[in-house]
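What follows is a short report on a single structure.
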Amino acid sequence: MSELMEIRWHARGGQGAKTASLLLAEAAAMDGKYSQGFPDYGPERMGAPMRGFTRISEEPIHLHCAIYAPEIVIVLDDTLLSAVDVAAGTPEDGVIIVNTVRSAADVRSEMGLKGRSVHTVDATGIAIDEIGRPIPNAPMLGALIRVAELLSLDTVIAQIEKKFSHGFRPEVVEGNVRAIHRAHEEVRGE
Amino acid sequence: MSRRLILTGNDAAAEAMRQIDPDVVAAFPITPQTELMHKFAEHVADGEVKAELVLVESEHSAMSATVGAAAAGARSMTATSANGLALMWEIVYIAASYRLPIVMPVVNRALSGPINIHCDHSDTMGCRDTGWIQLYSENAQEVYDNVIQAIRIAESPEVLLPVMVTFDGFIISHTAEVLEALEDDPVRNWIGEYKPKYTLLDTDNPMTFGPLDLQDYYFEHKRQQMEAMRAAPATVKKIGKLYGEMSGRPYDLIEGYQLEDAELAVVALGSTCGTAKVVIDELRAKGTKAGLLKIRCFRPFPEAEIAAALKGAKAIAVLDRSVSFGAPGGPVHKEIKAALFGSGSSAGLVNYIYGLGGRDISMEHIHEAFADLETVAGEGTPADAIRFLGLRE
């Protein structure tokens with residue numbers, strides 16, 4: 001892992017990007033790393049494009065600005081691909097992970113993207129199957145860990161269990177864990 | 001023993017408040033302070049604190065109830081943001097005038113209008129002359145540490161003034177980050193039991209708070225308030241040192257980062273200081289003698305310490321996250337200018353207004369200020385010394 005890893009989440013309000021950006025930071029902290037997780041609060045409307053941010057480092061993090069050049073971009077809603085420049089600022093070897101039923105090649109061609117690695121997974125489909133609700137944030141964490149190996153899957157799952165067990169029924173927590181495992185297996189890229 | 005936690009700035013403030021366990025907390029919700037009081041209310045509901053939580057109908061009432069409780073001898077706290085602080089203004093001034101050691105986290109947010117829920121310092125800068133001590137926090141760690149220290153600063157007999165602990169709305173209040181928190185017992189022992197010297201409820205020694213005070217004594221009472229403020233810097237320093245002995249994290253009135261031999265200096269408050277430190281690391285790696293002066297204690301303003309810290313600078317950029325309409329520059333800029341006057345400094349001085357209403361300040365913006373300073377160092381204070389960062393024109 002490079003000195004400072006910056007991850008930007010693109011989603012629509014209600015898809016759980018705020019939770020995911022903070023949850024990943026919390027899992028990294030559990031792993032002994034330094035981290036930040038924060039959303040880009042806009043008008044807070046359900047369905048409006050929003051962003052979340054996660055920083056992870058072995059060293060204390062002093063930056064308190066938005067993330068402009070993320071190593072990793074996670075897109076929770078593929079309708080954003082035509083609405084927002086999700087790849088903005090990513091380096092040539094950056095990673096883009098999209099929640100979609102489409103293939104990575106298809107997404108790459110729509111975005112007109114050269115370089116970078118593109119990965120896709122049907123996180124919404126997995127969420128509907130396993131959790132019963134179309135909230136793709138947890139499975140996208142599973143896909144992220146598969147692609148980027150920032151943390152161990154066990155650490156992320158332990159943090160999800162800890163965080164979700166306060167507000168959700170056990171079957172919802174278990175559904176989220178199954179969804180993470182499936183997305184971890186099913187993510188495909190190029 | 002310390003505990004490594006990951007908390008938002010709001011939760012860090014609530015964690016400090018849980019450990020302090022004040023006698024009375026009166027509060028009214030306002031974004032971005034709301035989650036702080038949600039968390040503290042959870043601690044109350046879960047029986048983790050004995051505090052009496054008074055849910056009032058406005059911020060004016062929140063500060064009024066806090067003043068009443070403090071005058072009665074209770075360790076009292078509240079918290080607010082922006083328009084909430086503006087609404088309680090009348091009583092904010094009264095709290096300091098009664099010499100009540102209230103501690104209030106203020107989550108910095110732009111004042112309306114137009115309505116904006118995001119960070120700037122217009123709220124706390126607006127009440128910089130109300131007689132409260134103001135401590136600005138860079139990150140969640142400092143929020144936690146400052147809230148705990150504020151209790152002892154406020155209650156010190158030579159001070160007896162209320163303290164605002166400020167932190168940037170959303171940027172700090174809603175960002176989860178790693179901090180070290182202390183165990184409960186060391187914190188509780190360190191702040192100690194509150195034993196007020198004067199209280200309304202001490203019937204053996206009857207006291208009056210806030211009577212009519214006309215031409216005969218009002219002036220002398222204001223003079224006494226000035227004396228309390230004059231005593232405060234030594235207390236803030238002493239308590240910062242004692243806190244360091246307990247926690248390993250000492251605090252001072254100001255913090256210099258790479259400032260000792262700096263030729264180009266940026267002055268800032270709050271979360272921007274963290275981003276500036278990273279920019280300075282980049283500039284230093286290229287051989288530029290860049291440095292930061294972070295002001296932690298803005299009230300009282302540590303004039304002599306600041307003048308001494310900036311002594312070697314050839315060019316200084318003061319970053320202001322608020323406007324003082326009609327004044328020659330932002331509030332921080334004016335104070336720095338005054339501190340340098342007569343100090344022998346011949347540094348060129350520029351002021352940048354930035355980040356109003358939550359406009360992000362990136363590393364690029366701070367690089368821009370340092371690039372300007374290269375010119376200012378050679379040519380002195382420019383004619384257009386009031387500038388902007390990140391503004392569309």
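Note on naming: chains are A, B, ... as they come in the structure tokens, residues start from 1 per chain, ligands start from 1 in the order shown.
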request  = Pull out every residue of chain B sitting within 8 Å of chain A, counting only C-alpha atoms, and send them as JSON, numbers by chain.
outcome  = {"B": [5, 6, 170, 171, 172, 174, 175, 176, 177, 178, 271, 272, 274, 275, 276, 277, 278, 360, 361, 362, 363]}
Who sits within 12 Å of stretch 282-286 of chain B, only C-alpha atoms, same chain under 5 positions skipped, as a JSON list (two decimals) with C-alpha atoms, in the first residue's frame:
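Saved as out-v9.json:
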```json
[["chain", "number", "residue", "atom", "x", "y", "z"],
["B", 257, "TYR", "CA", 5.00, 24.03, 12.35],
["B", 258, "GLN", "CA", 8.40, 24.36, 10.66],
["B", 259, "LEU", "CA", 8.18, 27.98, 11.78],
["B", 261, "ASP", "CA", 13.54, 29.27, 10.37],
["B", 262, "ALA", "CA", 10.58, 29.97, 8.08],
["B", 263, "GLU", "CA", 10.84, 32.90, 5.68],
["B", 264, "LEU", "CA", 7.33, 32.40, 4.31],
["B", 265, "ALA", "CA", 4.65, 31.90, 6.96],
["B", 275, "THR", "CA", -3.81, 20.68, 5.13],
["B", 276, "ALA", "CA", -1.27, 23.53, 5.40],
["B", 277, "LYS", "CA", 1.17, 21.20, 7.21],
["B", 291, "GLY", "CA", 6.10, 27.41, 7.94],
["B", 292, "LEU", "CA", 2.75, 27.59, 9.72],
["B", 363, "MET", "CA", -3.61, 21.90, -1.03],
["B", 364, "GLU", "CA", -3.51, 23.75, -4.35],
["B", 366, "ILE", "CA", -2.47, 26.90, 0.02],
["B", 367, "HIS", "CA", 0.31, 26.39, -2.53],
["B", 368, "GLU", "CA", -1.14, 29.44, -4.33],
["B", 370, "PHE", "CA", 2.81, 30.40, -0.64],
["B", 371, "ALA", "CA", 3.63, 31.17, -4.29],
["B", 374, "GLU", "CA", 7.61, 34.51, -2.71]]
```
request  = Could you give me the residues within stretch 51-166 of chain A that DSSP places in strand (DSSP E or B), as number ranges by chain?
outcome  = A: 51-57, 72-75, 95-99, 117-121
Same residues, N, CA, C and O atoms, saved as a PDB file, in the first residue's frame:
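Final output, part_37.pdb:
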```
ATOM      1  N   ARG A  51     -21.083  12.334  -2.836  1.00  0.00           N
ATOM      2  CA  ARG A  51     -19.773  11.686  -2.770  1.00  0.00           C
ATOM      3  C   ARG A  51     -19.415  11.352  -1.329  1.00  0.00           C
ATOM      4  O   ARG A  51     -19.845  12.034  -0.398  1.00  0.00           O
ATOM      5  N   GLY A  52     -18.631  10.311  -1.180  1.00  0.00           N
ATOM      6  CA  GLY A  52     -18.058   9.991   0.122  1.00  0.00           C
ATOM      7  C   GLY A  52     -16.557   9.854  -0.066  1.00  0.00           C
ATOM      8  O   GLY A  52     -16.079   9.669  -1.196  1.00  0.00           O
ATOM      9  N   PHE A  53     -15.803   9.991   1.015  1.00  0.00           N
ATOM     10  CA  PHE A  53     -14.346   9.946   0.918  1.00  0.00           C
ATOM     11  C   PHE A  53     -13.758   9.080   2.030  1.00  0.00           C
ATOM     12  O   PHE A  53     -14.231   9.123   3.169  1.00  0.00           O
ATOM     13  N   THR A  54     -12.741   8.303   1.700  1.00  0.00           N
ATOM     14  CA  THR A  54     -12.013   7.536   2.716  1.00  0.00           C
ATOM     15  C   THR A  54     -10.523   7.719   2.478  1.00  0.00           C
ATOM     16  O   THR A  54     -10.063   7.627   1.332  1.00  0.00           O
ATOM     17  N   ARG A  55      -9.788   8.004   3.550  1.00  0.00           N
ATOM     18  CA  ARG A  55      -8.318   8.014   3.471  1.00  0.00           C
ATOM     19  C   ARG A  55      -7.788   6.955   4.415  1.00  0.00           C
ATOM     20  O   ARG A  55      -8.279   6.811   5.544  1.00  0.00           O
ATOM     21  N   ILE A  56      -6.757   6.221   3.975  1.00  0.00           N
ATOM     22  CA  ILE A  56      -6.129   5.197   4.807  1.00  0.00           C
ATOM     23  C   ILE A  56      -4.619   5.357   4.689  1.00  0.00           C
ATOM     24  O   ILE A  56      -4.098   5.553   3.580  1.00  0.00           O
ATOM     25  N   SER A  57      -3.926   5.310   5.827  1.00  0.00           N
ATOM     26  CA  SER A  57      -2.475   5.474   5.803  1.00  0.00           C
ATOM     27  C   SER A  57      -1.849   4.759   6.993  1.00  0.00           C
ATOM     28  O   SER A  57      -2.501   4.527   8.011  1.00  0.00           O
ATOM     29  N   ILE A  72      -8.529   5.108  -5.914  1.00  0.00           N
ATOM     30  CA  ILE A  72      -9.651   4.202  -6.151  1.00  0.00           C
ATOM     31  C   ILE A  72     -10.957   4.997  -6.176  1.00  0.00           C
ATOM     32  O   ILE A  72     -11.177   5.869  -5.328  1.00  0.00           O
ATOM     33  N   VAL A  73     -11.806   4.675  -7.170  1.00  0.00           N
ATOM     34  CA  VAL A  73     -13.144   5.274  -7.237  1.00  0.00           C
ATOM     35  C   VAL A  73     -14.165   4.146  -7.190  1.00  0.00           C
ATOM     36  O   VAL A  73     -14.010   3.137  -7.880  1.00  0.00           O
ATOM     37  N   ILE A  74     -15.188   4.319  -6.357  1.00  0.00           N
ATOM     38  CA  ILE A  74     -16.239   3.314  -6.275  1.00  0.00           C
ATOM     39  C   ILE A  74     -17.561   3.987  -6.665  1.00  0.00           C
ATOM     40  O   ILE A  74     -17.916   5.023  -6.112  1.00  0.00           O
ATOM     41  N   VAL A  75     -18.246   3.401  -7.645  1.00  0.00           N
ATOM     42  CA  VAL A  75     -19.489   3.993  -8.144  1.00  0.00           C
ATOM     43  C   VAL A  75     -20.639   3.072  -7.761  1.00  0.00           C
ATOM     44  O   VAL A  75     -20.702   1.921  -8.188  1.00  0.00           O
ATOM     45  N   VAL A  95      -7.928   2.745  -9.988  1.00  0.00           N
ATOM     46  CA  VAL A  95      -8.883   1.635 -10.001  1.00  0.00           C
ATOM     47  C   VAL A  95     -10.300   2.204  -9.935  1.00  0.00           C
ATOM     48  O   VAL A  95     -10.568   3.089  -9.131  1.00  0.00           O
ATOM     49  N   ILE A  96     -11.177   1.676 -10.819  1.00  0.00           N
ATOM     50  CA  ILE A  96     -12.575   2.117 -10.796  1.00  0.00           C
ATOM     51  C   ILE A  96     -13.467   0.888 -10.662  1.00  0.00           C
ATOM     52  O   ILE A  96     -13.351  -0.061 -11.451  1.00  0.00           O
ATOM     53  N   ILE A  97     -14.327   0.902  -9.646  1.00  0.00           N
ATOM     54  CA  ILE A  97     -15.207  -0.248  -9.406  1.00  0.00           C
ATOM     55  C   ILE A  97     -16.648   0.247  -9.493  1.00  0.00           C
ATOM     56  O   ILE A  97     -17.023   1.199  -8.799  1.00  0.00           O
ATOM     57  N   VAL A  98     -17.426  -0.393 -10.373  1.00  0.00           N
ATOM     58  CA  VAL A  98     -18.783   0.104 -10.626  1.00  0.00           C
ATOM     59  C   VAL A  98     -19.809  -0.980 -10.287  1.00  0.00           C
ATOM     60  O   VAL A  98     -19.646  -2.151 -10.644  1.00  0.00           O
ATOM     61  N   ASN A  99     -20.875  -0.543  -9.607  1.00  0.00           N
ATOM     62  CA  ASN A  99     -22.014  -1.418  -9.369  1.00  0.00           C
ATOM     63  C   ASN A  99     -22.901  -1.392 -10.606  1.00  0.00           C
ATOM     64  O   ASN A  99     -23.589  -0.407 -10.870  1.00  0.00           O
ATOM     65  N   SER A 117      -7.687   0.406 -14.163  1.00  0.00           N
ATOM     66  CA  SER A 117      -8.369  -0.872 -14.249  1.00  0.00           C
ATOM     67  C   SER A 117      -9.819  -0.668 -13.853  1.00  0.00           C
ATOM     68  O   SER A 117     -10.118   0.105 -12.943  1.00  0.00           O
ATOM     69  N   VAL A 118     -10.704  -1.293 -14.618  1.00  0.00           N
ATOM     70  CA  VAL A 118     -12.142  -1.133 -14.399  1.00  0.00           C
ATOM     71  C   VAL A 118     -12.718  -2.480 -13.961  1.00  0.00           C
ATOM     72  O   VAL A 118     -12.389  -3.515 -14.539  1.00  0.00           O
ATOM     73  N   HIS A 119     -13.537  -2.438 -12.924  1.00  0.00           N
ATOM     74  CA  HIS A 119     -14.131  -3.661 -12.369  1.00  0.00           C
ATOM     75  C   HIS A 119     -15.624  -3.443 -12.174  1.00  0.00           C
ATOM     76  O   HIS A 119     -16.032  -2.346 -11.824  1.00  0.00           O
ATOM     77  N   THR A 120     -16.405  -4.488 -12.404  1.00  0.00           N
ATOM     78  CA  THR A 120     -17.853  -4.343 -12.191  1.00  0.00           C
ATOM     79  C   THR A 120     -18.389  -5.519 -11.394  1.00  0.00           C
ATOM     80  O   THR A 120     -17.829  -6.627 -11.399  1.00  0.00           O
ATOM     81  N   VAL A 121     -19.492  -5.239 -10.701  1.00  0.00           N
ATOM     82  CA  VAL A 121     -20.195  -6.278  -9.951  1.00  0.00           C
ATOM     83  C   VAL A 121     -21.645  -5.826  -9.820  1.00  0.00           C
ATOM     84  O   VAL A 121     -21.910  -4.622  -9.726  1.00  0.00           O
TER      85      VAL A 121
END
```
inquiry  = What's around A:Ala20 at 8 Å? Count only C-alpha atoms, leave out sequence neighbours fewer than 2 positions away in its own chain, and write the answer as a ChimeraX atom specification.
reply    = /A:16-18,22-24,137-138,141
Write a file of the selected residues as a PDB file, in the first residue's frame, keeping N, CA and C atoms.
```pdb
ATOM      1  N   GLY A  16     -26.194   4.510   0.700  1.00  0.00           N
ATOM      2  CA  GLY A  16     -25.301   4.083   1.774  1.00  0.00           C
ATOM      3  C   GLY A  16     -23.840   4.418   1.574  1.00  0.00           C
ATOM      4  N   ALA A  17     -23.536   5.416   0.733  1.00  0.00           N
ATOM      5  CA  ALA A  17     -22.127   5.768   0.496  1.00  0.00           C
ATOM      6  C   ALA A  17     -21.502   6.417   1.726  1.00  0.00           C
ATOM      7  N   LYS A  18     -22.309   7.187   2.463  1.00  0.00           N
ATOM      8  CA  LYS A  18     -21.773   7.799   3.690  1.00  0.00           C
ATOM      9  C   LYS A  18     -21.375   6.691   4.663  1.00  0.00           C
ATOM     10  N   LEU A  22     -17.417   5.754   5.867  1.00  0.00           N
ATOM     11  CA  LEU A  22     -17.015   5.761   7.280  1.00  0.00           C
ATOM     12  C   LEU A  22     -16.664   4.350   7.761  1.00  0.00           C
ATOM     13  N   LEU A  23     -17.453   3.386   7.282  1.00  0.00           N
ATOM     14  CA  LEU A  23     -17.219   2.012   7.728  1.00  0.00           C
ATOM     15  C   LEU A  23     -15.846   1.484   7.307  1.00  0.00           C
ATOM     16  N   LEU A  24     -15.459   1.837   6.088  1.00  0.00           N
ATOM     17  CA  LEU A  24     -14.135   1.411   5.619  1.00  0.00           C
ATOM     18  C   LEU A  24     -13.040   2.058   6.475  1.00  0.00           C
ATOM     19  N   ASN A 137     -24.135  -0.789  -0.669  1.00  0.00           N
ATOM     20  CA  ASN A 137     -22.866  -0.352  -0.052  1.00  0.00           C
ATOM     21  C   ASN A 137     -22.028  -1.503   0.497  1.00  0.00           C
ATOM     22  N   ALA A 138     -22.663  -2.415   1.237  1.00  0.00           N
ATOM     23  CA  ALA A 138     -21.879  -3.505   1.834  1.00  0.00           C
ATOM     24  C   ALA A 138     -21.228  -4.409   0.769  1.00  0.00           C
ATOM     25  N   LEU A 141     -18.134  -3.021  -0.674  1.00  0.00           N
ATOM     26  CA  LEU A 141     -16.946  -3.153   0.178  1.00  0.00           C
ATOM     27  C   LEU A 141     -16.256  -4.494  -0.084  1.00  0.00           C
TER      28      LEU A 141
END
```
request  = For B:Val350, list every protein, DNA or RNA residue within 12 Å, evaluated using only C-alpha atoms, and leave out those in the same chain fewer than 3 positions away; present the list as number ranges by chain.
outcome  = B: 264-267, 314-320, 328-330, 332-334, 336-337, 347, 353, 369-370, 372-377, 379-389
request  = Name all residues at most 7 Å from stretch 77-90 of chain A (count only C-alpha atoms; drop same-chain ones fewer than 5 positions away) and give them as a list in words.
outcome  =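 That gives His10, Ala11, Arg12, Tyr68, Ala69, Pro70, Glu71, Val98, Asn99, Thr100 and Met111 of chain A.
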message = Report, in Å with one decimal, the straight-line distance from atom CA of A:Ser103 to atom CA of A:Met46.
response =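 Those two atoms sit 27.1 Å apart.
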key: alpha helix (DSSP H) per DSSP on the backbone: members of stretch 195-358 of chain B, as a PyMOL selection string   = chain B and resi 218-247+272-285+303-309+331-340
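Pairwise distance (atom CA of A:Arg102, atom CA of A:Asp154) equals 28.0 Å.
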inquiry  = For B:Arg249, find every residue with an atom within 9 Å (counting only C-alpha atoms), except residues of its own chain fewer than 6 positions away, and show them as a ChimeraX atom specification.
reply    = /B:145,240-241,243
Restrict the selected residues to N, CA and C atoms and save them as a PDB file, in the first residue's frame.
```pdb
ATOM      1  N   ASP B 145      -9.323  16.830  23.414  1.00  0.00           N
ATOM      2  CA  ASP B 145      -8.371  17.369  24.395  1.00  0.00           C
ATOM      3  C   ASP B 145      -8.775  18.771  24.865  1.00  0.00           C
ATOM      4  N   GLY B 240      -2.360  23.500  29.667  1.00  0.00           N
ATOM      5  CA  GLY B 240      -1.908  22.755  28.487  1.00  0.00           C
ATOM      6  C   GLY B 240      -0.703  21.875  28.806  1.00  0.00           C
ATOM      7  N   LYS B 241       0.155  22.403  29.667  1.00  0.00           N
ATOM      8  CA  LYS B 241       1.357  21.659  30.073  1.00  0.00           C
ATOM      9  C   LYS B 241       0.975  20.493  30.990  1.00  0.00           C
ATOM     10  N   TYR B 243      -1.869  19.022  31.137  1.00  0.00           N
ATOM     11  CA  TYR B 243      -2.596  18.027  30.336  1.00  0.00           C
ATOM     12  C   TYR B 243      -1.603  17.148  29.578  1.00  0.00           C
TER      13      TYR B 243
END
```
key: All residues 10 Å or closer to B:Glu142, only C-alpha atoms, same chain fewer than 6 positions away omitted, as a list of chain:residue names   =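 Selected residues are B:Gly9, B:Ala12, B:Ala13, B:Leu135, B:Tyr136, B:Ile148, B:Val165, B:Thr166, B:Phe167, B:Leu179, B:Arg249, B:Tyr251, B:Gly270, B:Arg296.
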query = Closest to B:Glu15 among B:Leu36, B:Leu349, B:Ile30, B:Ile151, using only C-alpha atoms?
reply =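 Going through B:Leu36, B:Leu349, B:Ile30, B:Ile151 one by one, the smallest distance to B:Glu15 is for B:Leu36.
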query = So which one's closest to B:Gly357, B:Met63, B:Ile20, B:Ala71, B:Cys119? Using only C-alpha atoms, please.
reply =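 Checking each of B:Met63, B:Ile20, B:Ala71, B:Cys119 against B:Gly357, counting only C-alpha atoms, the winner is B:Cys119.
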key: Interatomic distance, atom CA of B:Glu255 to atom CA of B:Ile295 (Å, one decimal)   = 6.6 Å
